[in-house]
file start.txt (compact mmCIF, N, CA and C atoms)
# COMPACT_ATOMS: atom_id res chain seq x y z
N MET Z 35 29.80 3.53 5.59
CA MET Z 35 28.86 4.65 5.60
C MET Z 35 27.56 4.24 4.93
N GLU Z 36 26.60 5.09 5.02
CA GLU Z 36 25.26 4.74 4.56
C GLU Z 36 25.07 4.84 3.05
N GLN Z 37 24.24 3.98 2.56
CA GLN Z 37 23.83 3.99 1.16
C GLN Z 37 22.80 5.11 1.03
N ILE Z 38 23.04 6.11 0.15
CA ILE Z 38 22.13 7.24 0.05
C ILE Z 38 21.31 7.25 -1.23
N SER Z 39 21.59 6.31 -2.11
CA SER Z 39 20.76 6.06 -3.29
C SER Z 39 21.06 4.64 -3.74
N LYS Z 40 20.41 4.22 -4.76
CA LYS Z 40 20.59 2.85 -5.25
C LYS Z 40 22.05 2.52 -5.52
N ASN Z 41 22.80 3.45 -6.10
CA ASN Z 41 24.18 3.17 -6.49
C ASN Z 41 25.23 4.05 -5.84
N PHE Z 42 24.85 4.95 -4.96
CA PHE Z 42 25.82 5.85 -4.34
C PHE Z 42 25.83 5.69 -2.82
N ASN Z 43 27.05 5.64 -2.29
CA ASN Z 43 27.26 5.56 -0.85
C ASN Z 43 27.78 6.91 -0.38
N LEU Z 44 27.40 7.31 0.80
CA LEU Z 44 27.83 8.60 1.34
C LEU Z 44 29.36 8.74 1.34
N SER Z 45 30.08 7.64 1.49
CA SER Z 45 31.54 7.67 1.52
C SER Z 45 32.15 8.24 0.24
N GLU Z 46 31.43 8.16 -0.87
CA GLU Z 46 31.93 8.68 -2.15
C GLU Z 46 31.99 10.21 -2.19
N PHE Z 47 31.30 10.86 -1.26
CA PHE Z 47 31.17 12.31 -1.29
C PHE Z 47 31.93 13.02 -0.17
N VAL Z 48 32.56 12.27 0.72
CA VAL Z 48 33.25 12.83 1.88
C VAL Z 48 34.49 13.62 1.45
N CYS Z 49 34.76 14.72 2.16
CA CYS Z 49 35.94 15.54 1.88
C CYS Z 49 37.20 14.68 1.93
N HIS Z 50 38.08 14.87 0.96
CA HIS Z 50 39.29 14.05 0.83
C HIS Z 50 40.38 14.36 1.85
N CYS Z 51 40.26 15.45 2.60
CA CYS Z 51 41.33 15.79 3.55
C CYS Z 51 41.28 14.97 4.83
N GLY Z 52 40.17 14.26 5.04
CA GLY Z 52 40.06 13.44 6.24
C GLY Z 52 39.29 14.11 7.36
N CYS Z 53 38.76 15.31 7.12
CA CYS Z 53 38.04 16.04 8.17
C CYS Z 53 36.67 15.42 8.46
N GLY Z 54 36.16 14.64 7.52
CA GLY Z 54 34.89 13.96 7.73
C GLY Z 54 33.66 14.71 7.24
N GLN Z 55 33.84 15.90 6.68
CA GLN Z 55 32.66 16.62 6.19
C GLN Z 55 32.01 15.83 5.06
N LYS Z 56 30.67 15.71 5.14
CA LYS Z 56 29.96 14.86 4.19
C LYS Z 56 28.55 15.37 3.91
N HIS Z 57 28.33 16.64 4.00
CA HIS Z 57 26.99 17.23 3.87
C HIS Z 57 26.57 17.42 2.40
N ILE Z 58 26.61 16.34 1.64
CA ILE Z 58 26.24 16.40 0.24
C ILE Z 58 24.73 16.63 0.12
N ASN Z 59 24.33 17.45 -0.81
CA ASN Z 59 22.93 17.75 -1.03
C ASN Z 59 22.23 16.53 -1.62
N ARG Z 60 21.15 16.10 -1.02
CA ARG Z 60 20.45 14.88 -1.44
C ARG Z 60 19.73 15.05 -2.78
N VAL Z 61 19.34 16.27 -3.13
CA VAL Z 61 18.74 16.51 -4.45
C VAL Z 61 19.80 16.26 -5.52
N LEU Z 62 21.02 16.71 -5.27
CA LEU Z 62 22.14 16.47 -6.19
C LEU Z 62 22.35 14.96 -6.37
N VAL Z 63 22.35 14.22 -5.28
CA VAL Z 63 22.54 12.77 -5.35
C VAL Z 63 21.40 12.12 -6.14
N HIS Z 64 20.18 12.58 -5.92
CA HIS Z 64 19.02 12.05 -6.66
C HIS Z 64 19.21 12.27 -8.16
N LYS Z 65 19.66 13.45 -8.54
CA LYS Z 65 19.89 13.75 -9.95
C LYS Z 65 21.03 12.91 -10.52
N LEU Z 66 22.08 12.70 -9.73
CA LEU Z 66 23.18 11.83 -10.16
C LEU Z 66 22.69 10.41 -10.38
N GLN Z 67 21.85 9.94 -9.49
CA GLN Z 67 21.30 8.59 -9.63
C GLN Z 67 20.48 8.48 -10.90
N LYS Z 68 19.75 9.52 -11.21
CA LYS Z 68 18.95 9.54 -12.45
C LYS Z 68 19.86 9.38 -13.67
N ILE Z 69 20.99 10.09 -13.67
CA ILE Z 69 21.96 9.98 -14.77
C ILE Z 69 22.55 8.57 -14.81
N ARG Z 70 22.89 8.04 -13.66
CA ARG Z 70 23.45 6.68 -13.56
C ARG Z 70 22.47 5.65 -14.12
N ASP Z 71 21.19 5.80 -13.78
CA ASP Z 71 20.17 4.87 -14.28
C ASP Z 71 20.03 4.95 -15.79
N ILE Z 72 20.05 6.15 -16.34
CA ILE Z 72 19.93 6.35 -17.79
C ILE Z 72 21.12 5.75 -18.52
N MET Z 73 22.32 6.02 -18.00
CA MET Z 73 23.54 5.56 -18.67
C MET Z 73 23.79 4.07 -18.49
N GLY Z 74 23.34 3.52 -17.39
CA GLY Z 74 23.53 2.09 -17.14
C GLY Z 74 24.96 1.69 -16.86
N CYS Z 75 25.77 2.64 -16.38
CA CYS Z 75 27.15 2.33 -16.02
C CYS Z 75 27.52 3.14 -14.78
N SER Z 76 28.59 2.72 -14.12
CA SER Z 76 28.99 3.42 -12.91
C SER Z 76 29.53 4.81 -13.22
N LEU Z 77 29.38 5.70 -12.25
CA LEU Z 77 29.94 7.05 -12.32
C LEU Z 77 30.87 7.20 -11.13
N THR Z 78 32.09 7.63 -11.38
CA THR Z 78 33.08 7.77 -10.31
C THR Z 78 33.18 9.22 -9.88
N VAL Z 79 32.86 9.46 -8.61
CA VAL Z 79 32.97 10.79 -8.04
C VAL Z 79 34.42 11.02 -7.64
N THR Z 80 35.06 12.02 -8.24
CA THR Z 80 36.45 12.32 -7.88
C THR Z 80 36.55 13.41 -6.83
N SER Z 81 35.50 14.21 -6.69
CA SER Z 81 35.45 15.24 -5.65
C SER Z 81 34.00 15.53 -5.33
N GLY Z 82 33.68 15.47 -4.05
CA GLY Z 82 32.33 15.78 -3.58
C GLY Z 82 32.40 16.98 -2.66
N VAL Z 83 32.06 16.76 -1.41
CA VAL Z 83 32.12 17.84 -0.42
C VAL Z 83 33.57 18.20 -0.14
N ARG Z 84 33.83 19.49 0.01
CA ARG Z 84 35.16 19.97 0.41
C ARG Z 84 35.00 20.94 1.57
N CYS Z 85 35.82 20.77 2.60
CA CYS Z 85 35.86 21.78 3.64
C CYS Z 85 36.63 22.98 3.07
N GLN Z 86 36.49 24.12 3.70
CA GLN Z 86 37.13 25.33 3.19
C GLN Z 86 38.65 25.16 3.12
N SER Z 87 39.22 24.52 4.13
CA SER Z 87 40.67 24.32 4.17
C SER Z 87 41.17 23.47 2.99
N HIS Z 88 40.49 22.37 2.74
CA HIS Z 88 40.89 21.49 1.63
C HIS Z 88 40.68 22.20 0.29
N ASN Z 89 39.57 22.89 0.16
CA ASN Z 89 39.30 23.62 -1.07
C ASN Z 89 40.42 24.64 -1.35
N ASP Z 90 40.82 25.36 -0.31
CA ASP Z 90 41.91 26.33 -0.46
C ASP Z 90 43.22 25.64 -0.85
N LYS Z 91 43.50 24.51 -0.20
CA LYS Z 91 44.75 23.77 -0.43
C LYS Z 91 44.88 23.29 -1.87
N ILE Z 92 43.77 22.88 -2.48
CA ILE Z 92 43.84 22.36 -3.85
C ILE Z 92 43.61 23.45 -4.90
N GLY Z 93 43.46 24.68 -4.46
CA GLY Z 93 43.31 25.79 -5.39
C GLY Z 93 41.90 25.96 -5.93
N GLY Z 94 40.90 25.46 -5.19
CA GLY Z 94 39.51 25.62 -5.61
C GLY Z 94 39.06 27.06 -5.49
N SER Z 95 38.02 27.39 -6.21
CA SER Z 95 37.44 28.73 -6.15
C SER Z 95 36.97 29.05 -4.74
N SER Z 96 37.11 30.29 -4.32
CA SER Z 96 36.66 30.69 -2.98
C SER Z 96 35.14 30.59 -2.85
N THR Z 97 34.45 30.54 -3.98
CA THR Z 97 32.99 30.40 -3.97
C THR Z 97 32.56 29.02 -4.47
N SER Z 98 33.43 28.03 -4.34
CA SER Z 98 33.17 26.68 -4.84
C SER Z 98 31.88 26.11 -4.26
N SER Z 99 31.08 25.54 -5.13
CA SER Z 99 29.83 24.88 -4.71
C SER Z 99 30.10 23.57 -3.97
N HIS Z 100 31.32 23.06 -4.05
CA HIS Z 100 31.69 21.86 -3.30
C HIS Z 100 31.63 22.14 -1.79
N ILE Z 101 31.95 23.34 -1.38
CA ILE Z 101 32.00 23.70 0.04
C ILE Z 101 30.63 23.52 0.70
N ASP Z 102 29.59 23.83 -0.03
CA ASP Z 102 28.23 23.73 0.52
C ASP Z 102 27.54 22.42 0.16
N GLY Z 103 28.26 21.50 -0.48
CA GLY Z 103 27.69 20.20 -0.81
C GLY Z 103 26.79 20.20 -2.03
N TYR Z 104 26.91 21.24 -2.86
CA TYR Z 104 26.07 21.35 -4.05
C TYR Z 104 26.75 20.86 -5.32
N ALA Z 105 27.98 20.35 -5.25
CA ALA Z 105 28.73 20.01 -6.46
C ALA Z 105 29.47 18.69 -6.33
N VAL Z 106 29.67 18.07 -7.48
CA VAL Z 106 30.54 16.90 -7.59
C VAL Z 106 31.31 16.98 -8.90
N ASP Z 107 32.46 16.34 -8.91
CA ASP Z 107 33.23 16.14 -10.12
C ASP Z 107 33.16 14.66 -10.45
N LEU Z 108 32.93 14.36 -11.72
CA LEU Z 108 32.84 12.97 -12.18
C LEU Z 108 34.01 12.65 -13.10
N LYS Z 109 34.63 11.53 -12.88
CA LYS Z 109 35.79 11.09 -13.66
C LYS Z 109 35.40 10.84 -15.11
N CYS Z 110 36.24 11.31 -16.02
CA CYS Z 110 36.07 11.07 -17.46
C CYS Z 110 37.41 10.65 -18.03
N GLU Z 111 37.53 9.40 -18.41
CA GLU Z 111 38.80 8.90 -18.92
C GLU Z 111 38.91 8.95 -20.43
N SER Z 112 37.79 9.17 -21.11
CA SER Z 112 37.86 9.23 -22.58
C SER Z 112 36.92 10.29 -23.11
N GLY Z 113 37.23 10.75 -24.30
CA GLY Z 113 36.38 11.74 -24.96
C GLY Z 113 35.01 11.19 -25.27
N LEU Z 114 34.94 9.92 -25.63
CA LEU Z 114 33.66 9.30 -25.95
C LEU Z 114 32.76 9.25 -24.71
N PHE Z 115 33.33 8.82 -23.58
CA PHE Z 115 32.55 8.77 -22.35
C PHE Z 115 32.08 10.18 -21.97
N ARG Z 116 32.98 11.16 -22.08
CA ARG Z 116 32.63 12.55 -21.77
C ARG Z 116 31.47 13.03 -22.64
N GLN Z 117 31.52 12.70 -23.92
CA GLN Z 117 30.46 13.11 -24.84
C GLN Z 117 29.12 12.50 -24.45
N ILE Z 118 29.12 11.21 -24.16
CA ILE Z 118 27.88 10.54 -23.75
C ILE Z 118 27.37 11.10 -22.43
N LEU Z 119 28.28 11.29 -21.48
CA LEU Z 119 27.91 11.83 -20.18
C LEU Z 119 27.32 13.24 -20.31
N LEU Z 120 27.97 14.09 -21.09
CA LEU Z 120 27.47 15.45 -21.27
C LEU Z 120 26.10 15.49 -21.93
N THR Z 121 25.86 14.58 -22.86
CA THR Z 121 24.55 14.51 -23.50
C THR Z 121 23.46 14.29 -22.45
N GLU Z 122 23.72 13.42 -21.50
CA GLU Z 122 22.72 13.15 -20.45
C GLU Z 122 22.70 14.24 -19.38
N LEU Z 123 23.87 14.73 -18.99
CA LEU Z 123 23.93 15.76 -17.94
C LEU Z 123 23.17 17.02 -18.32
N THR Z 124 23.25 17.41 -19.58
CA THR Z 124 22.59 18.65 -20.00
C THR Z 124 21.07 18.54 -19.93
N LYS Z 125 20.54 17.36 -19.80
CA LYS Z 125 19.10 17.17 -19.65
C LYS Z 125 18.65 17.40 -18.21
N VAL Z 126 19.59 17.34 -17.27
CA VAL Z 126 19.25 17.37 -15.84
C VAL Z 126 19.91 18.54 -15.10
N PHE Z 127 21.11 18.94 -15.52
CA PHE Z 127 21.88 19.96 -14.81
C PHE Z 127 22.04 21.22 -15.64
N MET Z 128 22.03 22.37 -14.95
CA MET Z 128 22.16 23.67 -15.60
C MET Z 128 23.54 24.29 -15.39
N ARG Z 129 24.37 23.66 -14.58
CA ARG Z 129 25.73 24.17 -14.33
C ARG Z 129 26.70 23.02 -14.55
N ILE Z 130 27.53 23.14 -15.59
CA ILE Z 130 28.45 22.07 -15.96
C ILE Z 130 29.81 22.68 -16.33
N GLY Z 131 30.86 22.16 -15.71
CA GLY Z 131 32.22 22.57 -16.04
C GLY Z 131 32.94 21.38 -16.67
N ILE Z 132 33.62 21.61 -17.76
CA ILE Z 132 34.25 20.53 -18.51
C ILE Z 132 35.78 20.66 -18.45
N ALA Z 133 36.42 19.60 -17.98
CA ALA Z 133 37.88 19.56 -17.90
C ALA Z 133 38.38 18.33 -18.66
N LYS Z 134 39.69 18.19 -18.73
CA LYS Z 134 40.28 17.07 -19.47
C LYS Z 134 39.91 15.71 -18.87
N ASN Z 135 39.97 15.60 -17.55
CA ASN Z 135 39.76 14.31 -16.89
C ASN Z 135 38.51 14.22 -16.03
N PHE Z 136 37.72 15.28 -15.98
CA PHE Z 136 36.51 15.25 -15.16
C PHE Z 136 35.48 16.23 -15.69
N VAL Z 137 34.25 16.04 -15.23
CA VAL Z 137 33.17 16.98 -15.50
C VAL Z 137 32.61 17.40 -14.14
N HIS Z 138 32.50 18.69 -13.94
CA HIS Z 138 31.93 19.26 -12.72
C HIS Z 138 30.45 19.51 -12.95
N ILE Z 139 29.62 19.14 -11.99
CA ILE Z 139 28.20 19.49 -12.05
C ILE Z 139 27.80 20.03 -10.69
N ASP Z 140 26.90 21.00 -10.71
CA ASP Z 140 26.39 21.49 -9.44
C ASP Z 140 24.97 22.01 -9.58
N ILE Z 141 24.32 22.13 -8.42
CA ILE Z 141 22.95 22.63 -8.36
C ILE Z 141 22.89 23.82 -7.41
N ASP Z 142 23.94 24.59 -7.34
CA ASP Z 142 24.04 25.72 -6.42
C ASP Z 142 22.93 26.74 -6.70
N PRO Z 143 22.02 26.93 -5.75
CA PRO Z 143 20.90 27.85 -5.99
C PRO Z 143 21.32 29.32 -6.07
N GLY Z 144 22.52 29.63 -5.63
CA GLY Z 144 23.00 31.01 -5.66
C GLY Z 144 23.76 31.38 -6.92
N LYS Z 145 23.82 30.46 -7.87
CA LYS Z 145 24.59 30.71 -9.09
C LYS Z 145 23.71 30.51 -10.32
N THR Z 146 24.07 31.23 -11.38
CA THR Z 146 23.28 31.16 -12.61
C THR Z 146 23.71 29.98 -13.48
N ALA Z 147 22.81 29.57 -14.36
CA ALA Z 147 23.09 28.48 -15.29
C ALA Z 147 24.30 28.83 -16.15
N SER Z 148 25.16 27.84 -16.38
CA SER Z 148 26.37 28.09 -17.15
C SER Z 148 27.04 26.78 -17.54
N VAL Z 149 27.76 26.81 -18.65
CA VAL Z 149 28.65 25.72 -19.04
C VAL Z 149 30.00 26.36 -19.29
N TRP Z 150 31.07 25.79 -18.73
CA TRP Z 150 32.39 26.38 -18.88
C TRP Z 150 33.46 25.32 -19.03
N LEU Z 151 34.63 25.77 -19.47
CA LEU Z 151 35.80 24.90 -19.62
C LEU Z 151 36.82 25.25 -18.57
N TYR Z 152 37.56 24.24 -18.10
CA TYR Z 152 38.66 24.47 -17.15
C TYR Z 152 39.95 24.55 -17.94

call {"tool": "encode", "arguments": {"input": "start.txt", "output": "structure tokens"}}
result
Amino acid sequence: MEQISKNFNLSEFVCHCGCGQKHINRVLVHKLQKIRDIMGCSLTVTSGVRCQSHNDKIGGSSTSSHIDGYAVDLKCESGLFRQILLTELTKVFMRIGIAKNFVHIDIDPGKTASVWLY
């Protein structure tokens, strides 16, 4: 698949069910690349675009920003990495969800700024 930024390939954002949906928002990717450049290390996308069926199957919110390509989840294997990542994300993103093993970020224009825990 195509390279959509310096360090991100479109294949990283494709729906995991195999349906092929890949309509990730390019502004979101640009902001992710900005974070990647600042941190100087790779960021692993664990969930990008989701079709409605896959989102329902995994128990995602019916209003999930993943469905419209406005959200990604980034892998976090340690508390230290999460802390460093959150420090940078809060400079660029206004919607952040924090879980044990990942951080959700989105730029959904239909939702208000928020930080939450899973």

call {"tool": "closest_residue", "arguments": {"input": "start.txt", "among": "Z:Ser98, Z:His88, Z:Asn135, Z:Lys145", "to": "Glu111 (chain Z)", "atoms": "all atoms listed in the file"}}
result
Z:Asn135

call {"tool": "atom_distance", "arguments": {"input": "start.txt", "atom1": "atom N of Thr97 (chain Z)", "atom2": "atom N of Leu119 (chain Z)"}}
result
26.7 Å

call {"tool": "closest_residue", "arguments": {"input": "start.txt", "among": "Z:Asp142, Z:His57, Z:Lys109, Z:Gly103", "to": "Thr78 (chain Z)", "atoms": "only N, CA and C atoms"}}
result
Z:Lys109

call {"tool": "residues_around", "arguments": {"input": "start.txt", "residues": "region 70-74 of chain Z", "least_positions_apart": "3", "cutoff": "8 Å", "atoms": "only N, CA and C atoms", "output": "number ranges by chain"}}
result
Z: 41, 64-67, 77, 118-119, 122

call {"tool": "atom_distance", "arguments": {"input": "start.txt", "atom1": "atom N of Cys49 (chain Z)", "atom2": "CA of His138 (chain Z)"}}
result
15.8 Å

call {"tool": "atom_distance", "arguments": {"input": "start.txt", "atom1": "CA of Lys125 (chain Z)", "atom2": "CA of Thr80 (chain Z)"}}
result
21.5 Å

call {"tool": "select_by_dssp", "arguments": {"input": "start.txt", "residues": "region 96-148 of chain Z", "states": "strand (DSSP E)", "output": "VMD selection string"}}
result
chain Z and resid 105 to 109 129 to 132 136 to 140 148

call {"tool": "residues_near_point", "arguments": {"input": "start.txt", "point": "(22.2, 12.7, -1.9)", "cutoff": "12 Å", "atoms": "only C-alpha atoms", "output": "ChimeraX atom specification"}}
result
/Z:36-48,56-68,82-83,103-106,141

call {"tool": "residues_near_point", "arguments": {"input": "start.txt", "point": "(42.4, 24.7, -14.4)", "cutoff": "8 Å", "atoms": "all atoms listed in the file", "output": "list of chain:residue names"}}
result
Z:Ala133, Z:Leu151, Z:Tyr152

call {"tool": "closest_residue", "arguments": {"input": "start.txt", "among": "Z:Ser148, Z:Ser96, Z:Gln117, Z:Ser87", "to": "Gly131 (chain Z)", "atoms": "only C-alpha atoms"}}
result
Z:Ser148

call {"tool": "residues_around", "arguments": {"input": "start.txt", "residues": "Cys85 (chain Z)", "least_positions_apart": "4", "cutoff": "8 Å", "atoms": "only N, CA and C atoms", "output": "tab-separated table (two decimals) with N, CA and C atoms, in the coordinates of the input"}}
result
chain	number	residue	atom	x	y	z
Z	48	VAL	N	32.56	12.27	0.72
Z	48	VAL	CA	33.25	12.83	1.88
Z	48	VAL	C	34.49	13.62	1.45
Z	49	CYS	N	34.76	14.72	2.16
Z	49	CYS	CA	35.94	15.54	1.88
Z	49	CYS	C	37.20	14.68	1.93
Z	50	HIS	N	38.08	14.87	0.96
Z	50	HIS	CA	39.29	14.05	0.83
Z	50	HIS	C	40.38	14.36	1.85
Z	51	CYS	N	40.26	15.45	2.60
Z	51	CYS	CA	41.33	15.79	3.55
Z	51	CYS	C	41.28	14.97	4.83
Z	53	CYS	N	38.76	15.31	7.12
Z	53	CYS	CA	38.04	16.04	8.17
Z	53	CYS	C	36.67	15.42	8.46
Z	54	GLY	N	36.16	14.64	7.52
Z	54	GLY	CA	34.89	13.96	7.73
Z	54	GLY	C	33.66	14.71	7.24
Z	55	GLN	N	33.84	15.90	6.68
Z	55	GLN	CA	32.66	16.62	6.19
Z	55	GLN	C	32.01	15.83	5.06
Z	56	LYS	N	30.67	15.71	5.14
Z	56	LYS	CA	29.96	14.86	4.19
Z	56	LYS	C	28.55	15.37	3.91
Z	89	ASN	N	39.57	22.89	0.16
Z	89	ASN	CA	39.30	23.62	-1.07
Z	89	ASN	C	40.42	24.64	-1.35
Z	90	ASP	N	40.82	25.36	-0.31
Z	90	ASP	CA	41.91	26.33	-0.46
Z	90	ASP	C	43.22	25.64	-0.85
Z	91	LYS	N	43.50	24.51	-0.20
Z	91	LYS	CA	44.75	23.77	-0.43
Z	91	LYS	C	44.88	23.29	-1.87
Z	100	HIS	N	31.32	23.06	-4.05
Z	100	HIS	CA	31.69	21.86	-3.30
Z	100	HIS	C	31.63	22.14	-1.79
Z	101	ILE	N	31.95	23.34	-1.38
Z	101	ILE	CA	32.00	23.70	0.04
Z	101	ILE	C	30.63	23.52	0.70
Z	102	ASP	N	29.59	23.83	-0.03
Z	102	ASP	CA	28.23	23.73	0.52
Z	102	ASP	C	27.54	22.42	0.16

call {"tool": "closest_residue", "arguments": {"input": "start.txt", "among": "Z:Ser99, Z:Met128, Z:Ile139, Z:Lys134", "to": "Arg116 (chain Z)", "atoms": "only C-alpha atoms"}}
result
Z:Lys134

call {"tool": "closest_residue", "arguments": {"input": "start.txt", "among": "Z:Asp140, Z:Cys75, Z:Met35, Z:Ser81", "to": "Phe127 (chain Z)", "atoms": "all atoms listed in the file"}}
result
Z:Asp140

call {"tool": "decode", "arguments": {"input": "start.txt", "residues": "region 102-125 of chain Z", "atoms": "N, CA and C atoms", "output": "mmCIF file, in the first residue's frame"}}
result
data_model
loop_
_atom_site.group_PDB
_atom_site.id
_atom_site.type_symbol
_atom_site.label_atom_id
_atom_site.label_comp_id
_atom_site.auth_asym_id
_atom_site.auth_seq_id
_atom_site.Cartn_x
_atom_site.Cartn_y
_atom_site.Cartn_z
ATOM 1 N N ASP Z 102 -15.304 6.672 11.020
ATOM 2 C CA ASP Z 102 -15.167 7.740 10.024
ATOM 3 C C ASP Z 102 -13.712 8.069 9.694
ATOM 4 N N GLY Z 103 -12.774 7.293 10.246
ATOM 5 C CA GLY Z 103 -11.365 7.505 9.939
ATOM 6 C C GLY Z 103 -10.722 8.651 10.694
ATOM 7 N N TYR Z 104 -11.360 9.084 11.788
ATOM 8 C CA TYR Z 104 -10.849 10.202 12.574
ATOM 9 C C TYR Z 104 -10.042 9.767 13.795
ATOM 10 N N ALA Z 105 -9.846 8.461 14.011
ATOM 11 C CA ALA Z 105 -9.212 7.994 15.249
ATOM 12 C C ALA Z 105 -8.209 6.884 15.003
ATOM 13 N N VAL Z 106 -7.242 6.812 15.905
ATOM 14 C CA VAL Z 106 -6.309 5.692 15.955
ATOM 15 C C VAL Z 106 -6.025 5.354 17.410
ATOM 16 N N ASP Z 107 -5.661 4.114 17.634
ATOM 17 C CA ASP Z 107 -5.161 3.668 18.926
ATOM 18 C C ASP Z 107 -3.686 3.363 18.742
ATOM 19 N N LEU Z 108 -2.878 3.822 19.694
ATOM 20 C CA LEU Z 108 -1.436 3.605 19.644
ATOM 21 C C LEU Z 108 -1.015 2.683 20.781
ATOM 22 N N LYS Z 109 -0.200 1.711 20.470
ATOM 23 C CA LYS Z 109 0.278 0.724 21.440
ATOM 24 C C LYS Z 109 1.137 1.387 22.506
ATOM 25 N N CYS Z 110 0.894 1.005 23.755
ATOM 26 C CA CYS Z 110 1.701 1.469 24.889
ATOM 27 C C CYS Z 110 2.046 0.260 25.747
ATOM 28 N N GLU Z 111 3.298 -0.124 25.751
ATOM 29 C CA GLU Z 111 3.711 -1.305 26.505
ATOM 30 C C GLU Z 111 4.222 -0.988 27.893
ATOM 31 N N SER Z 112 4.497 0.285 28.166
ATOM 32 C CA SER Z 112 4.995 0.623 29.499
ATOM 33 C C SER Z 112 4.421 1.950 29.958
ATOM 34 N N GLY Z 113 4.401 2.121 31.259
ATOM 35 C CA GLY Z 113 3.920 3.367 31.837
ATOM 36 C C GLY Z 113 4.799 4.544 31.459
ATOM 37 N N LEU Z 114 6.100 4.313 31.367
ATOM 38 C CA LEU Z 114 7.020 5.384 31.007
ATOM 39 C C LEU Z 114 6.763 5.855 29.579
ATOM 40 N N PHE Z 115 6.611 4.904 28.653
ATOM 41 C CA PHE Z 115 6.323 5.285 27.267
ATOM 42 C C PHE Z 115 4.995 6.037 27.194
ATOM 43 N N ARG Z 116 3.980 5.542 27.912
ATOM 44 C CA ARG Z 116 2.672 6.206 27.927
ATOM 45 C C ARG Z 116 2.800 7.642 28.428
ATOM 46 N N GLN Z 117 3.580 7.834 29.476
ATOM 47 C CA GLN Z 117 3.764 9.173 30.035
ATOM 48 C C GLN Z 117 4.419 10.113 29.025
ATOM 49 N N ILE Z 118 5.469 9.644 28.382
ATOM 50 C CA ILE Z 118 6.158 10.466 27.381
ATOM 51 C C ILE Z 118 5.235 10.749 26.198
ATOM 52 N N LEU Z 119 4.531 9.728 25.740
ATOM 53 C CA LEU Z 119 3.602 9.882 24.621
ATOM 54 C C LEU Z 119 2.499 10.886 24.956
ATOM 55 N N LEU Z 120 1.910 10.756 26.134
ATOM 56 C CA LEU Z 120 0.837 11.676 26.526
ATOM 57 C C LEU Z 120 1.319 13.116 26.625
ATOM 58 N N THR Z 121 2.540 13.302 27.091
ATOM 59 C CA THR Z 121 3.102 14.649 27.167
ATOM 60 C C THR Z 121 3.098 15.306 25.787
ATOM 61 N N GLU Z 122 3.471 14.556 24.773
ATOM 62 C CA GLU Z 122 3.505 15.104 23.413
ATOM 63 C C GLU Z 122 2.113 15.172 22.781
ATOM 64 N N LEU Z 123 1.295 14.143 23.004
ATOM 65 C CA LEU Z 123 -0.047 14.127 22.409
ATOM 66 C C LEU Z 123 -0.896 15.306 22.859
ATOM 67 N N THR Z 124 -0.781 15.686 24.116
ATOM 68 C CA THR Z 124 -1.615 16.782 24.624
ATOM 69 C C THR Z 124 -1.254 18.125 23.993
ATOM 70 N N LYS Z 125 -0.132 18.207 23.331
ATOM 71 C CA LYS Z 125 0.253 19.430 22.625
ATOM 72 C C LYS Z 125 -0.424 19.531 21.259
#
